[in-house]
Amino acid sequence: MTLPNGLTADDARRAAARAYELDRRHVFHSWSAQAQLTPMTITAAQGCYVWDGDGNRLLDFSSQMVNTNIGHQHPKVVAAVREQAAKLCTVAPQHVNDARSEAARLIAERTPGELDKIFFTNGGADAVEHAVRMARLHTGRYKVLARYRSYHGGTETAINLTGDPRRWPNDRGNSGVVHFFGPFLYRSQFHASTESEEAERAVAHLEQTIAFEGPGTIAAIVLESIPGTAGIMVPPPGYLAGVRALCDKYGIVFIADEVMSGFGRTGKWFAIEHFDGVVPDLVTFAKGVNSGYVPLGGVAIGPAIAASFDDRPYPGGLTYSGHPLATAAAVATINAMRDERIVENAADIGDRILGPGLRELAERHPSIGDVRGTGVFWALELVRDRRTREPLSPYGGTSAAISETVAAAKAAGLLLFVNFNRLHVVPPCVIGEAEAKEGLAILDQVLTIADGHVD
């Protein structure tokens, strides 16, 4: 047996064993207690599949970190990185290079409204950092509002904006961030029974928060257009339009975080396109812009904020801003997504296969309390009791039920993205019908384990 990278199975196993030995000796992993780790080694990947250190093929329903939108080892992107490396590997960010210029053009063509200026970063967290900095400088204000149940990144401002437990060890209460409740009908904070009630009451809650904090002190509201890691909670109709109206009313910058939801993930180029023609002032992006082949992120900037820096310097930058290898990968990714209709494929697979298939699973498995999503961006909320909606693992933690279910999926050939009591179904945007059905069949099999923990 030969893997997609040309290694034999025996050679791949030997390489994996050496890599694992060195990893455990020298690599310090993120978000982890180091002594408790037994990380999986990946030796090869192709399309929607990865191969582990034992030679097992797994269908990648995680897209790694929900970022390999174009799939693994797409030949056009690999070729573009190779060609760019042969031509110009790196250049300082103050100089023009053709890969960065073309990537900026292609991104600007796809952002909503007139977000036509692109500031490149190394990833999503620093994109959020710079968007907030821009908003603060533009408005002369400091506070930033962000919702609970959100994730914005691991750097200082981004982690303080985050509304999940990863913020807690990093939060000293002095970041200028104020959290509020966003809409989430399944676990409504607003005693709503319909989406329209949830949207109306969530907007009213946000306006009350603005009033209590002082509108003249608030620089920005940062929202994931569709929250990702926190639960793939698609906002109800009217909510983001209501946020846009509040920002206009009080002179607040609206930052849409599209790091996870952008570039085809939801069946649109950007998730914000699903919502009533809403145009943010700033959009942050990363992940799917080049599927993580080379680290890249950025901020798409609207005209009013861009004009703030026409005659005063913007006080920020990065050595690798608009790196040629990363932006060449972005150009190839965006062109391939356009030419191969990959965004349309994500929408179609979500509408025809994943959405109906996951709802059918919910009819058969009492552990599924809620199914949410769009495109190739879905979450199964697992519960102990559908009536009380008690989660199958606690907020901020895990449980034997979740661990056993995920382990069984891996043993059956399915790699999942998991957070707390949720299984996220987030395969690459290139996934085909047969592959999607393969993943659903494995889920159907392993969810019987979760069902065994239902009260």
# chains A, B, ... in the order shown; residues from 1 in each chain; ligands from 1
>>> residues_around(residues="A:Phe184", least_positions_apart="4", cutoff="12 Å", atoms="only C-alpha atoms", output="ChimeraX atom specification")
/A:147-150,188-199,201-202,226-227,230-236,239,370,372
>>> closest_atom_pairs(of="stretch 44-82 of chain A", to="stretch 2-5 of chain A", cutoff="7 Å", atoms="only C-alpha atoms", output="tab-separated table")
residue	atom	partner	partner_atom	distance
A:Ala44	CA	A:Asn5	CA	6.1
A:Ala45	CA	A:Pro4	CA	6.9
A:Gln46	CA	A:Pro4	CA	6.6
>>> write_last_selection(atoms="N, CA and C atoms", output="PDB file, in the first residue's frame")
ATOM      1  N   ALA A  44      -0.205  11.787   5.949  1.00  0.00           N
ATOM      2  CA  ALA A  44      -0.576  12.121   4.572  1.00  0.00           C
ATOM      3  C   ALA A  44      -2.009  12.629   4.565  1.00  0.00           C
ATOM      4  N   ALA A  45      -2.344  13.338   3.492  1.00  0.00           N
ATOM      5  CA  ALA A  45      -3.708  13.843   3.331  1.00  0.00           C
ATOM      6  C   ALA A  45      -3.982  14.033   1.846  1.00  0.00           C
ATOM      7  N   GLN A  46      -5.242  13.863   1.481  1.00  0.00           N
ATOM      8  CA  GLN A  46      -5.647  14.056   0.085  1.00  0.00           C
ATOM      9  C   GLN A  46      -7.138  14.306   0.042  1.00  0.00           C
TER      10      GLN A  46
END
>>> residues_around(residues="stretch 286-298 of chain A", least_positions_apart="2", cutoff="7 Å", atoms="only C-alpha atoms", output="NGL selection string")
:A and (67-70 or 118-124 or 127 or 259-260 or 262-263 or 284 or 300 or 325-326 or 329-330 or 333)
>>> write_last_selection(atoms="all heavy atoms", output="compact mmCIF listing (two decimals), in the first residue's frame")
# COMPACT_ATOMS: atom_id res chain seq x y z
N ASN A 67 -10.62 24.76 8.51
CA ASN A 67 -9.93 25.69 7.62
C ASN A 67 -9.56 25.11 6.25
O ASN A 67 -9.32 25.87 5.31
CB ASN A 67 -8.67 26.23 8.29
CG ASN A 67 -7.62 25.17 8.53
OD1 ASN A 67 -7.88 24.14 9.14
ND2 ASN A 67 -6.40 25.42 8.07
N THR A 68 -9.52 23.78 6.10
CA THR A 68 -9.14 23.24 4.79
C THR A 68 -10.37 23.19 3.88
O THR A 68 -10.82 22.13 3.44
CB THR A 68 -8.51 21.83 4.93
OG1 THR A 68 -9.40 20.99 5.66
CG2 THR A 68 -7.18 21.91 5.62
N ASN A 69 -10.90 24.38 3.58
CA ASN A 69 -12.12 24.48 2.80
C ASN A 69 -11.97 23.87 1.41
O ASN A 69 -12.92 23.29 0.87
CB ASN A 69 -12.55 25.95 2.68
CG ASN A 69 -13.02 26.52 4.00
OD1 ASN A 69 -12.82 25.92 5.06
ND2 ASN A 69 -13.65 27.70 3.96
N ILE A 70 -10.80 24.01 0.84
CA ILE A 70 -10.58 23.51 -0.52
C ILE A 70 -10.09 22.07 -0.51
O ILE A 70 -9.79 21.49 -1.56
CB ILE A 70 -9.60 24.43 -1.26
CG1 ILE A 70 -9.76 24.31 -2.79
CG2 ILE A 70 -8.16 24.20 -0.83
CD1 ILE A 70 -9.05 25.37 -3.56
N ILE A 118 -7.48 45.91 1.80
CA ILE A 118 -7.16 44.68 2.51
C ILE A 118 -5.84 44.85 3.26
O ILE A 118 -4.80 45.16 2.65
CB ILE A 118 -7.05 43.49 1.54
CG1 ILE A 118 -8.28 43.40 0.61
CG2 ILE A 118 -6.83 42.21 2.32
CD1 ILE A 118 -9.59 43.19 1.33
N PHE A 119 -5.89 44.65 4.58
CA PHE A 119 -4.69 44.61 5.41
C PHE A 119 -4.41 43.16 5.74
O PHE A 119 -5.25 42.48 6.35
CB PHE A 119 -4.91 45.42 6.69
CG PHE A 119 -3.75 45.38 7.64
CD1 PHE A 119 -2.65 46.21 7.45
CD2 PHE A 119 -3.75 44.53 8.73
CE1 PHE A 119 -1.57 46.17 8.33
CE2 PHE A 119 -2.68 44.49 9.63
CZ PHE A 119 -1.59 45.31 9.42
N PHE A 120 -3.26 42.66 5.35
CA PHE A 120 -2.95 41.24 5.54
C PHE A 120 -2.25 41.00 6.88
O PHE A 120 -1.39 41.78 7.29
CB PHE A 120 -2.07 40.72 4.40
CG PHE A 120 -2.83 40.51 3.12
CD1 PHE A 120 -2.63 41.36 2.04
CD2 PHE A 120 -3.73 39.46 2.99
CE1 PHE A 120 -3.31 41.16 0.85
CE2 PHE A 120 -4.43 39.26 1.80
CZ PHE A 120 -4.21 40.11 0.73
N THR A 121 -2.62 39.88 7.50
CA THR A 121 -2.01 39.45 8.75
C THR A 121 -1.56 38.00 8.59
O THR A 121 -1.66 37.43 7.51
CB THR A 121 -3.02 39.56 9.91
OG1 THR A 121 -4.09 38.61 9.70
CG2 THR A 121 -3.59 40.96 10.03
N ASN A 122 -1.08 37.42 9.69
CA ASN A 122 -0.61 36.04 9.64
C ASN A 122 -1.69 35.03 9.95
O ASN A 122 -1.49 33.82 9.76
CB ASN A 122 0.55 35.84 10.62
CG ASN A 122 1.72 36.75 10.32
OD1 ASN A 122 1.98 37.08 9.18
ND2 ASN A 122 2.42 37.18 11.36
N GLY A 123 -2.83 35.46 10.47
CA GLY A 123 -3.90 34.55 10.84
C GLY A 123 -5.09 35.31 11.38
O GLY A 123 -5.14 36.55 11.34
N GLY A 124 -6.05 34.54 11.92
CA GLY A 124 -7.30 35.15 12.35
C GLY A 124 -7.20 35.98 13.60
O GLY A 124 -7.84 37.04 13.72
N ALA A 127 -5.75 39.28 12.90
CA ALA A 127 -6.71 40.05 12.11
C ALA A 127 -7.70 40.75 13.04
O ALA A 127 -8.02 41.94 12.87
CB ALA A 127 -7.45 39.14 11.13
N VAL A 259 -13.49 34.68 10.19
CA VAL A 259 -12.30 33.83 10.15
C VAL A 259 -12.68 32.38 9.87
O VAL A 259 -12.05 31.71 9.05
CB VAL A 259 -11.51 33.96 11.46
CG1 VAL A 259 -10.43 32.88 11.57
CG2 VAL A 259 -10.88 35.35 11.57
N MET A 260 -13.70 31.88 10.55
CA MET A 260 -14.12 30.50 10.35
C MET A 260 -15.24 30.37 9.32
O MET A 260 -15.30 29.41 8.56
CB MET A 260 -14.56 29.86 11.67
CG MET A 260 -14.86 28.37 11.58
SD MET A 260 -15.25 27.59 13.17
CE MET A 260 -13.60 27.47 13.88
N GLY A 262 -15.99 32.30 6.71
CA GLY A 262 -15.78 32.85 5.38
C GLY A 262 -15.28 31.85 4.36
O GLY A 262 -14.95 30.71 4.66
N PHE A 263 -15.24 32.30 3.12
CA PHE A 263 -14.67 31.58 1.98
C PHE A 263 -15.32 30.22 1.78
O PHE A 263 -14.66 29.18 1.75
CB PHE A 263 -13.15 31.50 2.09
CG PHE A 263 -12.51 32.85 1.90
CD1 PHE A 263 -12.21 33.65 2.99
CD2 PHE A 263 -12.29 33.34 0.63
CE1 PHE A 263 -11.69 34.93 2.82
CE2 PHE A 263 -11.77 34.62 0.44
CZ PHE A 263 -11.46 35.41 1.54
N THR A 284 -12.98 40.49 9.28
CA THR A 284 -11.75 39.74 9.48
C THR A 284 -11.87 38.38 8.80
O THR A 284 -12.94 37.78 8.76
CB THR A 284 -11.44 39.54 10.97
OG1 THR A 284 -12.49 38.79 11.60
CG2 THR A 284 -11.31 40.88 11.68
N ALA A 300 -10.62 43.24 5.89
CA ALA A 300 -11.19 44.00 4.78
C ALA A 300 -11.80 45.26 5.37
O ALA A 300 -12.60 45.20 6.30
CB ALA A 300 -12.24 43.17 4.05
N LEU A 325 4.28 33.68 -0.46
CA LEU A 325 3.84 32.29 -0.53
C LEU A 325 2.39 32.16 -0.08
O LEU A 325 1.61 31.40 -0.66
CB LEU A 325 4.74 31.39 0.32
CG LEU A 325 6.21 31.30 -0.09
CD1 LEU A 325 6.96 30.34 0.85
CD2 LEU A 325 6.36 30.83 -1.53
N ALA A 326 2.04 32.89 0.98
CA ALA A 326 0.67 32.81 1.49
C ALA A 326 -0.33 33.42 0.54
O ALA A 326 -1.42 32.86 0.31
CB ALA A 326 0.59 33.51 2.85
N ALA A 329 -0.90 31.34 -2.50
CA ALA A 329 -1.83 30.26 -2.18
C ALA A 329 -3.27 30.77 -2.16
O ALA A 329 -4.19 30.07 -2.58
CB ALA A 329 -1.47 29.64 -0.83
N ALA A 330 -3.47 32.00 -1.68
CA ALA A 330 -4.82 32.58 -1.66
C ALA A 330 -5.35 32.80 -3.07
O ALA A 330 -6.51 32.51 -3.37
CB ALA A 330 -4.82 33.89 -0.88
N THR A 333 -6.28 29.48 -4.46
CA THR A 333 -7.47 28.95 -3.78
C THR A 333 -8.73 29.63 -4.27
O THR A 333 -9.72 28.96 -4.62
CB THR A 333 -7.33 29.15 -2.25
OG1 THR A 333 -6.23 28.37 -1.77
CG2 THR A 333 -8.59 28.74 -1.53
>>> select_by_dssp(residues="stretch 1-135 of chain A", states="helix (DSSP H, G or I)", output="number ranges by chain")
A: 9-26, 34-36, 63-66, 75-87, 98-110, 124-135
>>> write_last_selection(atoms="C-alpha atoms", output="compact mmCIF listing (two decimals), in the first residue's frame")
# COMPACT_ATOMS: atom_id res chain seq x y z
CA ALA A 9 2.76 2.08 4.61
CA ASP A 10 5.84 0.74 6.43
CA ASP A 11 7.89 3.86 5.70
CA ALA A 12 4.99 6.05 6.80
CA ARG A 13 4.69 4.16 10.08
CA ARG A 14 8.41 4.49 10.77
CA ALA A 15 8.32 8.22 9.97
CA ALA A 16 5.25 8.66 12.17
CA ALA A 17 6.90 6.89 15.10
CA ARG A 18 9.96 9.15 14.85
CA ALA A 19 7.78 12.26 14.54
CA TYR A 20 5.74 11.24 17.59
CA GLU A 21 8.88 10.60 19.65
CA LEU A 22 10.28 14.03 18.82
CA ASP A 23 6.91 15.72 19.35
CA ARG A 24 6.53 14.37 22.86
CA ARG A 25 10.12 15.30 23.66
CA HIS A 26 10.18 18.84 22.26
CA GLN A 34 1.22 18.56 28.19
CA ALA A 35 1.59 15.39 30.25
CA GLN A 36 -1.95 14.26 29.38
CA SER A 63 -11.40 20.21 8.06
CA GLN A 64 -8.57 20.19 10.64
CA MET A 65 -9.37 23.50 12.40
CA VAL A 66 -12.34 24.18 10.10
CA PRO A 75 -3.00 20.44 -6.91
CA LYS A 76 -3.58 24.00 -8.12
CA VAL A 77 -2.71 25.49 -4.74
CA VAL A 78 0.30 23.22 -4.23
CA ALA A 79 1.55 24.20 -7.69
CA ALA A 80 1.04 27.92 -6.98
CA VAL A 81 3.09 27.74 -3.77
CA ARG A 82 5.83 25.83 -5.58
CA GLU A 83 5.90 28.33 -8.47
CA GLN A 84 5.93 31.32 -6.13
CA ALA A 85 8.78 29.82 -4.09
CA ALA A 86 10.82 29.45 -7.27
CA LYS A 87 10.10 33.06 -8.24
CA ASP A 98 2.22 40.73 -7.48
CA ALA A 99 0.87 37.86 -5.39
CA ARG A 100 -0.27 40.20 -2.61
CA SER A 101 -1.78 42.69 -5.05
CA GLU A 102 -3.77 40.02 -6.86
CA ALA A 103 -4.91 38.38 -3.63
CA ALA A 104 -6.16 41.74 -2.37
CA ARG A 105 -8.08 42.30 -5.59
CA LEU A 106 -9.72 38.89 -5.48
CA ILE A 107 -10.72 39.25 -1.82
CA ALA A 108 -12.05 42.78 -2.31
CA GLU A 109 -14.20 41.56 -5.21
CA ARG A 110 -15.92 39.11 -2.88
CA GLY A 124 -7.30 35.15 12.35
CA ALA A 125 -6.36 36.26 15.86
CA ASP A 126 -4.09 39.07 14.70
CA ALA A 127 -6.71 40.05 12.11
CA VAL A 128 -9.13 40.61 15.01
CA GLU A 129 -6.42 42.48 16.95
CA HIS A 130 -5.88 44.88 14.08
CA ALA A 131 -9.57 45.34 13.34
CA VAL A 132 -10.13 46.41 16.94
CA ARG A 133 -7.12 48.73 16.80
CA MET A 134 -8.48 50.33 13.64
CA ALA A 135 -11.91 50.80 15.23
>>> atom_distance(atom1="atom CA of A:Asp171", atom2="atom CA of A:Thr157")
9.7 Å
>>> select_by_dssp(residues="stretch 227-349 of chain A", states="strand (DSSP E)", output="ChimeraX atom specification")
/A:253-257,282-285,297-301
>>> atom_distance(atom1="atom CA of A:Thr448", atom2="atom CA of A:Gly71")
29.2 Å
>>> closest_residue(among="A:Pro315, A:Gly47, A:Pro112, A:Pro215", to="A:Val279", atoms="only C-alpha atoms")
A:Pro112
>>> closest_residue(among="A:Pro237, A:Gly140, A:Gly242, A:Gly113", to="A:His274", atoms="only C-alpha atoms")
A:Pro237
>>> atom_distance(atom1="atom CA of A:Tyr395", atom2="atom CA of A:Cys429")
29.0 Å
>>> residues_around(residues="stretch 93-96 of chain A", least_positions_apart="6", cutoff="10 Å", atoms="only C-alpha atoms", output="VMD selection string")
chain A and resid 120 317 to 324
